[in-house]
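Chemist: Dropping in data24.pdb, with PDB, C-alpha atoms and all ligand atoms.
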MODEL        1
ATOM      1  CA  MET A   5      -0.050  10.015  -1.304  1.00  0.00           C
ATOM      2  CA  LYS A   6       2.115   7.334  -2.791  1.00  0.00           C
ATOM      3  CA  LYS A   7       0.826   3.869  -3.322  1.00  0.00           C
ATOM      4  CA  LYS A   8       2.972   2.093  -0.757  1.00  0.00           C
ATOM      5  CA  LYS A   9       5.443  -0.369  -2.133  1.00  0.00           C
ATOM      6  CA  THR A  10       5.013  -3.603  -0.273  1.00  0.00           C
ATOM      7  CA  LYS A  11       8.080  -3.349   1.820  1.00  0.00           C
ATOM      8  CA  LYS A  12       7.432  -5.797   4.548  1.00  0.00           C
ATOM      9  CA  GLN A  13      10.015  -5.612   7.191  1.00  0.00           C
ATOM     10  CA  ALA A  14      10.931  -7.715  10.091  1.00  0.00           C
ATOM     11  CA  LYS A  15      13.108  -5.628  12.292  1.00  0.00           C
ATOM     12  CA  THR A  16      15.026  -6.835  15.219  1.00  0.00           C
ATOM     13  CA  LYS A  17      18.036  -5.902  17.199  1.00  0.00           C
ATOM     14  CA  THR A  18      20.931  -8.186  16.465  1.00  0.00           C
ATOM     15  CA  LYS A  19      20.925  -9.439  20.008  1.00  0.00           C
ATOM     16  CA  LYS A  20      17.182  -9.847  20.331  1.00  0.00           C
ATOM     17  CA  PRO A  21      15.873 -11.668  17.282  1.00  0.00           C
ATOM     18  CA  LYS A  22      12.612 -12.436  19.099  1.00  0.00           C
ATOM     19  CA  MET A  23      11.265  -9.007  18.206  1.00  0.00           C
ATOM     20  CA  LEU A  24      10.952 -10.102  14.600  1.00  0.00           C
ATOM     21  CA  LYS A  25       7.454 -11.463  14.875  1.00  0.00           C
ATOM     22  CA  THR A  26       5.972  -8.312  16.293  1.00  0.00           C
ATOM     23  CA  LYS A  27       6.813  -6.243  13.242  1.00  0.00           C
ATOM     24  CA  THR A  28       6.040  -8.618  10.411  1.00  0.00           C
ATOM     25  CA  ARG A  29       3.280  -8.126   7.925  1.00  0.00           C
ATOM     26  CA  VAL A  30       1.964  -9.914   4.864  1.00  0.00           C
ATOM     27  CA  ALA A  31       4.557 -10.054   2.159  1.00  0.00           C
ATOM     28  CA  THR A  32       3.116  -9.621  -1.298  1.00  0.00           C
ATOM     29  CA  THR A  33       6.208  -9.731  -3.435  1.00  0.00           C
ATOM     30  CA  VAL A  34       7.457 -12.793  -5.215  1.00  0.00           C
ATOM     31  CA  LEU A  35       9.796 -15.010  -3.334  1.00  0.00           C
ATOM     32  CA  SER A  36      10.150 -18.652  -4.163  1.00  0.00           C
ATOM     33  CA  ALA A  37      10.405 -21.173  -1.380  1.00  0.00           C
ATOM     34  CA  ALA A  38      13.823 -22.071  -2.729  1.00  0.00           C
ATOM     35  CA  VAL A  39      15.215 -18.707  -1.779  1.00  0.00           C
ATOM     36  CA  ALA A  40      14.511 -19.254   1.866  1.00  0.00           C
ATOM     37  CA  THR A  41      15.658 -22.831   2.028  1.00  0.00           C
ATOM     38  CA  GLN A  42      18.818 -22.368   0.006  1.00  0.00           C
ATOM     39  CA  ASN A  43      19.693 -19.255   1.945  1.00  0.00           C
ATOM     40  CA  LYS A  44      20.104 -17.181  -1.184  1.00  0.00           C
ATOM     41  CA  PHE A  45      19.799 -13.569  -0.291  1.00  0.00           C
ATOM     42  CA  LYS A  46      21.296 -10.186  -0.865  1.00  0.00           C
ATOM     43  CA  ILE A  47      23.040  -8.440   1.985  1.00  0.00           C
ATOM     44  CA  VAL A  48      22.920  -4.686   2.166  1.00  0.00           C
ATOM     45  CA  ARG A  49      25.290  -3.352   4.813  1.00  0.00           C
ATOM     46  CA  SER A  50      24.927   0.068   6.325  1.00  0.00           C
ATOM     47  CA  ARG A  51      25.507   1.927   9.550  1.00  0.00           C
ATOM     48  CA  ARG A  52      22.520   0.402  11.262  1.00  0.00           C
ATOM     49  CA  ARG A  53      22.317  -1.356  14.586  1.00  0.00           C
ATOM     50  CA  THR A  54      19.815  -4.023  13.649  1.00  0.00           C
ATOM     51  CA  ILE A  55      19.377  -6.845  11.171  1.00  0.00           C
ATOM     52  CA  CYS A  56      16.260  -6.472   9.101  1.00  0.00           C
ATOM     53  CA  LEU A  57      14.662  -8.932   6.678  1.00  0.00           C
ATOM     54  CA  GLU A  58      12.906  -7.577   3.675  1.00  0.00           C
ATOM     55  CA  ILE A  59      11.192  -9.388   0.835  1.00  0.00           C
ATOM     56  CA  ARG A  60      11.484  -7.163  -2.159  1.00  0.00           C
ATOM     57  CA  GLY A  61      11.403  -7.472  -5.935  1.00  0.00           C
ATOM     58  CA  GLY A  62      11.359 -11.255  -5.742  1.00  0.00           C
ATOM     59  CA  GLU A  63      14.308 -11.664  -3.461  1.00  0.00           C
ATOM     60  CA  LEU A  64      15.151 -11.754   0.170  1.00  0.00           C
ATOM     61  CA  VAL A  65      17.163  -8.741   1.217  1.00  0.00           C
ATOM     62  CA  VAL A  66      18.976  -8.697   4.524  1.00  0.00           C
ATOM     63  CA  ARG A  67      19.865  -5.270   5.827  1.00  0.00           C
ATOM     64  CA  SER A  68      22.703  -5.665   8.202  1.00  0.00           C
ATOM     65  CA  PRO A  69      25.079  -3.620  10.365  1.00  0.00           C
ATOM     66  CA  LEU A  70      28.457  -2.913   8.672  1.00  0.00           C
ATOM     67  CA  TYR A  71      30.527  -5.497  10.516  1.00  0.00           C
ATOM     68  CA  CYS A  72      28.030  -8.240  11.260  1.00  0.00           C
ATOM     69  CA  PRO A  73      29.734 -11.549  10.273  1.00  0.00           C
ATOM     70  CA  LYS A  74      28.107 -13.445   7.440  1.00  0.00           C
ATOM     71  CA  PHE A  75      27.639 -16.631   9.466  1.00  0.00           C
ATOM     72  CA  LEU A  76      25.522 -14.664  11.937  1.00  0.00           C
ATOM     73  CA  ILE A  77      23.408 -13.320   9.115  1.00  0.00           C
ATOM     74  CA  SER A  78      22.979 -16.808   7.646  1.00  0.00           C
ATOM     75  CA  LYS A  79      22.045 -18.121  11.056  1.00  0.00           C
ATOM     76  CA  PHE A  80      19.507 -15.358  11.446  1.00  0.00           C
ATOM     77  CA  VAL A  81      17.948 -16.105   8.056  1.00  0.00           C
ATOM     78  CA  LYS A  82      17.852 -19.810   8.848  1.00  0.00           C
ATOM     79  CA  GLU A  83      16.135 -19.137  12.148  1.00  0.00           C
ATOM     80  CA  LYS A  84      13.565 -17.036  10.355  1.00  0.00           C
ATOM     81  CA  SER A  85      12.937 -19.455   7.497  1.00  0.00           C
ATOM     82  CA  ALA A  86       9.571 -20.426   8.985  1.00  0.00           C
ATOM     83  CA  TRP A  87       8.528 -16.804   8.917  1.00  0.00           C
ATOM     84  CA  ILE A  88       9.828 -16.375   5.363  1.00  0.00           C
ATOM     85  CA  ASN A  89       7.973 -19.481   4.186  1.00  0.00           C
ATOM     86  CA  LYS A  90       4.816 -18.311   5.906  1.00  0.00           C
ATOM     87  CA  LYS A  91       5.050 -15.036   4.027  1.00  0.00           C
ATOM     88  CA  ILE A  92       5.463 -16.924   0.752  1.00  0.00           C
ATOM     89  CA  HIS A  93       2.399 -18.997   1.528  1.00  0.00           C
ATOM     90  CA  GLU A  94       0.419 -15.859   2.290  1.00  0.00           C
ATOM     91  CA  TYR A  95       1.645 -14.374  -0.946  1.00  0.00           C
ATOM     92  CA  ASN A  96       0.434 -17.374  -2.907  1.00  0.00           C
ATOM     93  CA  GLN A  97      -3.011 -16.958  -1.366  1.00  0.00           C
ATOM     94  CA  LYS A  98      -3.063 -13.368  -2.305  1.00  0.00           C
ATOM     95  CA  THR A  99      -1.461 -12.748  -5.653  1.00  0.00           C
ATOM     96  CA  ARG A 100      -2.406  -9.922  -7.911  1.00  0.00           C
ATOM     97  CA  ILE A 101      -5.726 -10.451  -9.626  1.00  0.00           C
ATOM     98  CA  GLU A 102      -5.564 -10.551 -13.379  1.00  0.00           C
ATOM     99  CA  TYR A 103      -9.050  -9.899 -14.669  1.00  0.00           C
ATOM    100  CA  GLN A 104     -10.297 -11.890 -17.635  1.00  0.00           C
ATOM    101  CA  PHE A 105     -12.968  -9.390 -18.759  1.00  0.00           C
ATOM    102  CA  LYS A 106     -15.506 -12.112 -19.430  1.00  0.00           C
ATOM    103  CA  LYS A 107     -19.216 -12.302 -18.881  1.00  0.00           C
ATOM    104  CA  SER A 108     -20.485 -12.387 -15.269  1.00  0.00           C
ATOM    105  CA  GLU A 109     -16.999 -11.673 -13.924  1.00  0.00           C
ATOM    106  CA  LYS A 110     -17.083  -9.806 -10.651  1.00  0.00           C
ATOM    107  CA  PHE A 111     -15.182  -6.601  -9.971  1.00  0.00           C
ATOM    108  CA  LEU A 112     -14.527  -4.697  -6.789  1.00  0.00           C
ATOM    109  CA  TYR A 113     -16.844  -1.789  -6.229  1.00  0.00           C
ATOM    110  CA  LEU A 114     -16.913   0.169  -2.964  1.00  0.00           C
ATOM    111  CA  GLY A 115     -15.027  -2.619  -1.264  1.00  0.00           C
ATOM    112  CA  GLU A 116     -17.229  -5.485  -2.449  1.00  0.00           C
ATOM    113  CA  LYS A 117     -16.991  -7.873  -5.384  1.00  0.00           C
ATOM    114  CA  LYS A 118     -19.914  -7.328  -7.720  1.00  0.00           C
ATOM    115  CA  ASP A 119     -21.137  -8.307 -11.143  1.00  0.00           C
ATOM    116  CA  LEU A 120     -21.442  -4.810 -12.540  1.00  0.00           C
ATOM    117  CA  GLY A 121     -22.815  -5.966 -15.873  1.00  0.00           C
ATOM    118  CA  ILE A 122     -19.824  -4.345 -17.567  1.00  0.00           C
ATOM    119  CA  TYR A 123     -17.095  -6.571 -18.920  1.00  0.00           C
ATOM    120  CA  THR A 124     -14.787  -4.612 -21.185  1.00  0.00           C
ATOM    121  CA  LYS A 125     -11.788  -2.883 -19.742  1.00  0.00           C
ATOM    122  CA  HIS A 126     -12.571   0.365 -21.496  1.00  0.00           C
ATOM    123  CA  GLU A 127     -16.144   0.511 -20.204  1.00  0.00           C
ATOM    124  CA  LEU A 128     -15.027  -0.475 -16.735  1.00  0.00           C
ATOM    125  CA  GLN A 129     -12.492   2.337 -16.733  1.00  0.00           C
ATOM    126  CA  ASP A 130     -15.233   4.785 -17.659  1.00  0.00           C
ATOM    127  CA  PHE A 131     -17.414   3.363 -14.913  1.00  0.00           C
ATOM    128  CA  TYR A 132     -14.786   3.609 -12.172  1.00  0.00           C
ATOM    129  CA  LYS A 133     -13.642   7.044 -13.244  1.00  0.00           C
ATOM    130  CA  ASN A 134     -17.225   8.348 -13.190  1.00  0.00           C
ATOM    131  CA  GLU A 135     -17.982   6.782  -9.833  1.00  0.00           C
ATOM    132  CA  THR A 136     -14.718   7.960  -8.272  1.00  0.00           C
ATOM    133  CA  SER A 137     -15.310  11.456  -9.573  1.00  0.00           C
ATOM    134  CA  LYS A 138     -18.864  11.580  -8.164  1.00  0.00           C
ATOM    135  CA  ILE A 139     -17.875  10.207  -4.772  1.00  0.00           C
ATOM    136  CA  VAL A 140     -14.737  12.321  -4.378  1.00  0.00           C
ATOM    137  CA  LYS A 141     -16.499  15.503  -5.469  1.00  0.00           C
ATOM    138  CA  ASN A 142     -19.218  14.882  -2.879  1.00  0.00           C
ATOM    139  CA  LEU A 143     -16.557  14.414  -0.231  1.00  0.00           C
ATOM    140  CA  LEU A 144     -14.749  17.580  -1.310  1.00  0.00           C
ATOM    141  CA  GLN A 145     -18.047  19.373  -0.885  1.00  0.00           C
ATOM    142  CA  LYS A 146     -18.277  17.960   2.629  1.00  0.00           C
ATOM    143  CA  TYR A 147     -14.815  19.285   3.552  1.00  0.00           C
ATOM    144  CA  ASP A 148     -15.201  22.505   1.612  1.00  0.00           C
ATOM    145  CA  ARG A 149     -15.178  24.691   4.703  1.00  0.00           C
ATOM    146  CA  ALA A 150     -12.317  22.963   6.460  1.00  0.00           C
ATOM    147  CA  PHE A 151      -9.750  23.288   3.661  1.00  0.00           C
ATOM    148  CA  THR A 152      -8.796  25.714   0.904  1.00  0.00           C
ATOM    149  CA  PHE A 153      -8.081  24.183  -2.496  1.00  0.00           C
ATOM    150  CA  ASP A 154      -8.629  24.744  -6.187  1.00  0.00           C
ATOM    151  CA  LYS A 155     -12.026  23.182  -6.827  1.00  0.00           C
ATOM    152  CA  SER A 156     -11.903  23.776 -10.564  1.00  0.00           C
ATOM    153  CA  LYS A 157      -8.753  21.738 -11.022  1.00  0.00           C
ATOM    154  CA  VAL A 158      -9.517  18.377  -9.432  1.00  0.00           C
ATOM    155  CA  THR A 159      -8.455  15.593 -11.793  1.00  0.00           C
ATOM    156  CA  PHE A 160      -8.984  11.830 -11.971  1.00  0.00           C
ATOM    157  CA  LYS A 161      -6.562   9.492 -13.703  1.00  0.00           C
ATOM    158  CA  PHE A 162      -5.512   5.870 -13.522  1.00  0.00           C
ATOM    159  CA  TYR A 163      -2.196   6.098 -11.725  1.00  0.00           C
ATOM    160  CA  LYS A 164       0.013   3.111 -11.199  1.00  0.00           C
ATOM    161  CA  SER A 165       1.792   4.305  -8.120  1.00  0.00           C
ATOM    162  CA  LYS A 166      -0.362   6.749  -6.217  1.00  0.00           C
ATOM    163  CA  TRP A 167      -3.825   7.096  -4.742  1.00  0.00           C
ATOM    164  CA  GLY A 168      -3.865  10.839  -4.914  1.00  0.00           C
ATOM    165  CA  SER A 169      -1.730  13.941  -4.904  1.00  0.00           C
ATOM    166  CA  CYS A 170      -1.756  17.603  -4.015  1.00  0.00           C
ATOM    167  CA  THR A 171       0.447  20.116  -5.816  1.00  0.00           C
ATOM    168  CA  ALA A 172       2.183  23.172  -4.379  1.00  0.00           C
ATOM    169  CA  LYS A 173      -0.750  25.169  -5.734  1.00  0.00           C
ATOM    170  CA  ASN A 174      -3.168  22.871  -3.915  1.00  0.00           C
ATOM    171  CA  ARG A 175      -4.479  21.208  -7.016  1.00  0.00           C
ATOM    172  CA  LEU A 176      -5.818  17.807  -6.161  1.00  0.00           C
ATOM    173  CA  SER A 177      -5.644  14.665  -8.192  1.00  0.00           C
ATOM    174  CA  PHE A 178      -7.076  11.237  -7.434  1.00  0.00           C
ATOM    175  CA  ASN A 179      -6.611   7.745  -8.750  1.00  0.00           C
ATOM    176  CA  ALA A 180      -9.716   6.983 -10.833  1.00  0.00           C
ATOM    177  CA  ILE A 181      -9.734   3.406  -9.523  1.00  0.00           C
ATOM    178  CA  LEU A 182     -10.541   4.570  -5.972  1.00  0.00           C
ATOM    179  CA  SER A 183     -14.231   3.643  -6.235  1.00  0.00           C
ATOM    180  CA  MET A 184     -13.098   0.018  -5.993  1.00  0.00           C
ATOM    181  CA  ALA A 185     -12.241   0.693  -2.354  1.00  0.00           C
ATOM    182  CA  SER A 186     -14.698   1.053   0.513  1.00  0.00           C
ATOM    183  CA  PRO A 187     -16.282   4.483   1.153  1.00  0.00           C
ATOM    184  CA  THR A 188     -14.275   4.872   4.379  1.00  0.00           C
ATOM    185  CA  VAL A 189     -11.020   4.318   2.520  1.00  0.00           C
ATOM    186  CA  ILE A 190     -11.994   6.750  -0.243  1.00  0.00           C
ATOM    187  CA  GLU A 191     -12.807   9.349   2.390  1.00  0.00           C
ATOM    188  CA  TYR A 192      -9.428   8.797   4.055  1.00  0.00           C
ATOM    189  CA  ILE A 193      -7.627   9.423   0.739  1.00  0.00           C
ATOM    190  CA  VAL A 194      -9.614  12.615   0.243  1.00  0.00           C
ATOM    191  CA  VAL A 195      -8.801  13.755   3.783  1.00  0.00           C
ATOM    192  CA  HIS A 196      -5.146  12.822   3.254  1.00  0.00           C
ATOM    193  CA  GLU A 197      -4.819  14.988   0.137  1.00  0.00           C
ATOM    194  CA  LEU A 198      -6.834  17.810   1.679  1.00  0.00           C
ATOM    195  CA  ALA A 199      -4.537  17.758   4.690  1.00  0.00           C
ATOM    196  CA  HIS A 200      -1.658  18.279   2.240  1.00  0.00           C
ATOM    197  CA  THR A 201      -3.204  21.594   1.263  1.00  0.00           C
ATOM    198  CA  GLU A 202      -2.108  22.723   4.726  1.00  0.00           C
ATOM    199  CA  ILE A 203       0.912  20.541   5.415  1.00  0.00           C
ATOM    200  CA  LYS A 204       3.013  19.315   2.491  1.00  0.00           C
ATOM    201  CA  ASN A 205       4.932  16.625   4.356  1.00  0.00           C
ATOM    202  CA  HIS A 206       4.037  13.541   6.382  1.00  0.00           C
ATOM    203  CA  SER A 207       5.057  14.974   9.742  1.00  0.00           C
ATOM    204  CA  LYS A 208       3.407  14.269  13.078  1.00  0.00           C
ATOM    205  CA  ALA A 209       1.383  17.440  12.623  1.00  0.00           C
ATOM    206  CA  PHE A 210       0.157  16.144   9.270  1.00  0.00           C
ATOM    207  CA  TRP A 211      -1.044  12.822  10.697  1.00  0.00           C
ATOM    208  CA  GLY A 212      -2.635  14.722  13.579  1.00  0.00           C
ATOM    209  CA  LEU A 213      -4.629  16.746  11.082  1.00  0.00           C
ATOM    210  CA  VAL A 214      -5.634  13.588   9.188  1.00  0.00           C
ATOM    211  CA  LEU A 215      -6.682  11.964  12.458  1.00  0.00           C
ATOM    212  CA  SER A 216      -8.913  14.897  13.351  1.00  0.00           C
ATOM    213  CA  HIS A 217     -11.008  14.166  10.231  1.00  0.00           C
ATOM    214  CA  SER A 218     -10.470  10.449   9.763  1.00  0.00           C
ATOM    215  CA  SER A 219     -10.416   8.664  13.107  1.00  0.00           C
ATOM    216  CA  ASN A 220      -9.697   5.229  11.620  1.00  0.00           C
ATOM    217  CA  TYR A 221      -7.112   6.319   9.091  1.00  0.00           C
ATOM    218  CA  LYS A 222      -4.607   3.726  10.302  1.00  0.00           C
ATOM    219  CA  LYS A 223      -6.980   0.916   9.340  1.00  0.00           C
ATOM    220  CA  CYS A 224      -7.462   2.541   5.950  1.00  0.00           C
ATOM    221  CA  ARG A 225      -3.717   2.735   5.368  1.00  0.00           C
ATOM    222  CA  GLU A 226      -3.424  -0.916   6.289  1.00  0.00           C
ATOM    223  CA  TYR A 227      -6.236  -1.792   3.900  1.00  0.00           C
ATOM    224  CA  LEU A 228      -4.525   0.050   1.054  1.00  0.00           C
ATOM    225  CA  ARG A 229      -1.222  -1.578   1.841  1.00  0.00           C
ATOM    226  CA  ASP A 230      -2.747  -5.053   1.918  1.00  0.00           C
ATOM    227  CA  ASN A 231      -5.041  -4.627  -1.071  1.00  0.00           C
ATOM    228  CA  ARG A 232      -3.006  -2.648  -3.535  1.00  0.00           C
ATOM    229  CA  ASP A 233      -2.792  -5.734  -5.749  1.00  0.00           C
ATOM    230  CA  PHE A 234      -6.568  -5.854  -5.998  1.00  0.00           C
ATOM    231  CA  LEU A 235      -7.216  -2.206  -6.714  1.00  0.00           C
ATOM    232  CA  HIS A 236      -6.463  -2.098 -10.411  1.00  0.00           C
ATOM    233  CA  LEU A 237      -7.962  -3.105 -13.732  1.00  0.00           C
TER     234      LEU A 237
HETATM  235 ZN    ZN A 301       0.690  12.198   1.462  1.00  0.00          ZN
ENDMDL
END
Here is a file; write its structure as structure tokens.

Modeler:
Amino acid sequence: MKKKKTKKQAKTKTKKPKMLKTKTRVATTVLSAAVATQNKFKIVRSRRRTICLEIRGGELVVRSPLYCPKFLISKFVKEKSAWINKKIHEYNQKTRIEYQFKKSEKFLYLGEKKDLGIYTKHELQDFYKNETSKIVKNLLQKYDRAFTFDKSKVTFKFYKSKWGSCTAKNRLSFNAILSMASPTVIEYIVVHELAHTEIKNHSKAFWGLVLSHSSNYKKCREYLRDNRDFLHL
């Protein structure tokens, strides 16, 4: 399962810009207030029927239908500047944590900030890797009968862009940082990768299988999407 890039979209049909608000989520990429107010943005035209705002890689990207006139796009962006600014504000409240590794600093563990009594990065990595391994292995035990996978080849590493993976040979791998997340979220990731032992894609059938083992998986996905900037060392 890939660590979701924070692609926060506001979709709307060109004729019904009101729909924008219903699809927006917290933007966590850099976008300075100036971008929104000065109307600086990149337009990506394609054969789509809707205009879509996206805040990505520090800039505002407008995905637009092929022949939508630029003044309409500018108007749309201007109308949505409140939304864009709100997203920037939310971003500022929620920027990526940069740990200092100093005494009595708190670190996330099982979804809660705690003083673990460990303050060097190296020791913390060992701690999280051990914890993640213990927790995930217990969960794999729990689902042992439901899925077939190579138990001897489960690995734990600090990945930058994924929470877990499952190879064609059903070898499972998990991000060693997972023990920062809550137990429910860890279990969802385990279920997600186990479900890949049966279905390699993210089809409806796949999500159906995930749902049958993880009833609140949607909340977990949301949590991972919103907290990816916190789950790291
Ligand atoms: Zn997946």

Chemist: Any residue with an atom at most 9 Å from ligand ZN 301 (chain A) counts, using all atoms listed in the file. Which are they? Put them as a list in words.

Modeler: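 Every residue with an atom at most 9 Å from ligand ZN 301 (chain A) is listed here: Met5, Lys6, Gly168, Ser169, Cys170, Ile193, His196, Glu197, Ala199, His200, Lys204, Asn205, His206 and Phe210 of chain A.
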
Chemist: Select, from A:Val66, A:Ala180, A:Leu237, A:Ile55, the residue with the minimum atom-to-atom distance to Thr124 of chain A, counting only C-alpha atoms.

Modeler: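 Selected residue with least distance to Thr124 of chain A: A:Leu237.
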
Chemist: For Tyr147 of chain A, find every residue with an atom within 12 Å (counting only C-alpha atoms), except residues of its own chain fewer than 3 positions away, and show them as a PyMOL selection string.

Modeler: chain A and resi 140-144+150-153+155+191-192+194-199+217-218

Chemist: Any idea what the distance is between atom CA of Leu57 of chain A and atom CA of Glu83 of chain A?

Modeler: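 So the two atoms, atom CA of Leu57 of chain A and atom CA of Glu83 of chain A, lie 11.7 Å apart.
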
Chemist: Near Ser137 of chain A, counting only C-alpha atoms, which residues have an atom at most 10 Å away, once you skip same-chain residues fewer than 5 positions from it, shown as JSON, numbers by chain?

Modeler: {"A": [131, 132, 142, 143, 158, 159, 160, 161, 178, 179, 180, 181, 182, 183]}

Chemist: Just checking: using only C-alpha atoms, which residue out of A:Glu202, A:Glu135, A:Glu58, A:Asp130 ends up closest to Ile88 of chain A?

Modeler: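 Nearest to Ile88 of chain A: A:Glu58.
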
Chemist: Atom CA of Asn220 of chain A to atom CA of Leu176 of chain A: how many Å, to one decimal?

Modeler: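 Between these atoms lies a distance of 22.1 Å.
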
Chemist: Let me know the residues the PyMOL selection byres (((chain A and resi 125) around 10) and not hetatm) catches in the file above, as a PyMOL selection string.

Modeler: chain A and resi 103-106+122-124+126-131+237

Chemist: How far is it from atom CA of Arg149 of chain A to atom CA of Ala185 of chain A, in Å with one decimal?

Modeler: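 Here the two named atoms are 25.2 Å from each other.
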
Chemist: Measuring between all atoms listed in the file, which one of A:Lys173, A:Lys90, A:Lys166, A:Lys44 shows the shortest distance to Leu228 of chain A?

Modeler: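 Among the listed residues, A:Lys166 lies closest to Leu228 of chain A.
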
Chemist: Smallest atom-to-atom distance to Phe80 of chain A: which of A:Ser50, A:Glu226, A:Thr188, A:Phe45, using all atoms listed in the file?

Modeler: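 Nearest to Phe80 of chain A: A:Phe45.
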
Chemist: Of the candidates A:Lys79, A:Arg67, A:His236, A:Lys74, which shows the shortest atom-to-atom distance to Arg52 of chain A, using all atoms listed in the file?

Modeler: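 Between A:Lys79, A:Arg67, A:His236, A:Lys74, the residue approaching Arg52 of chain A most closely is A:Arg67.
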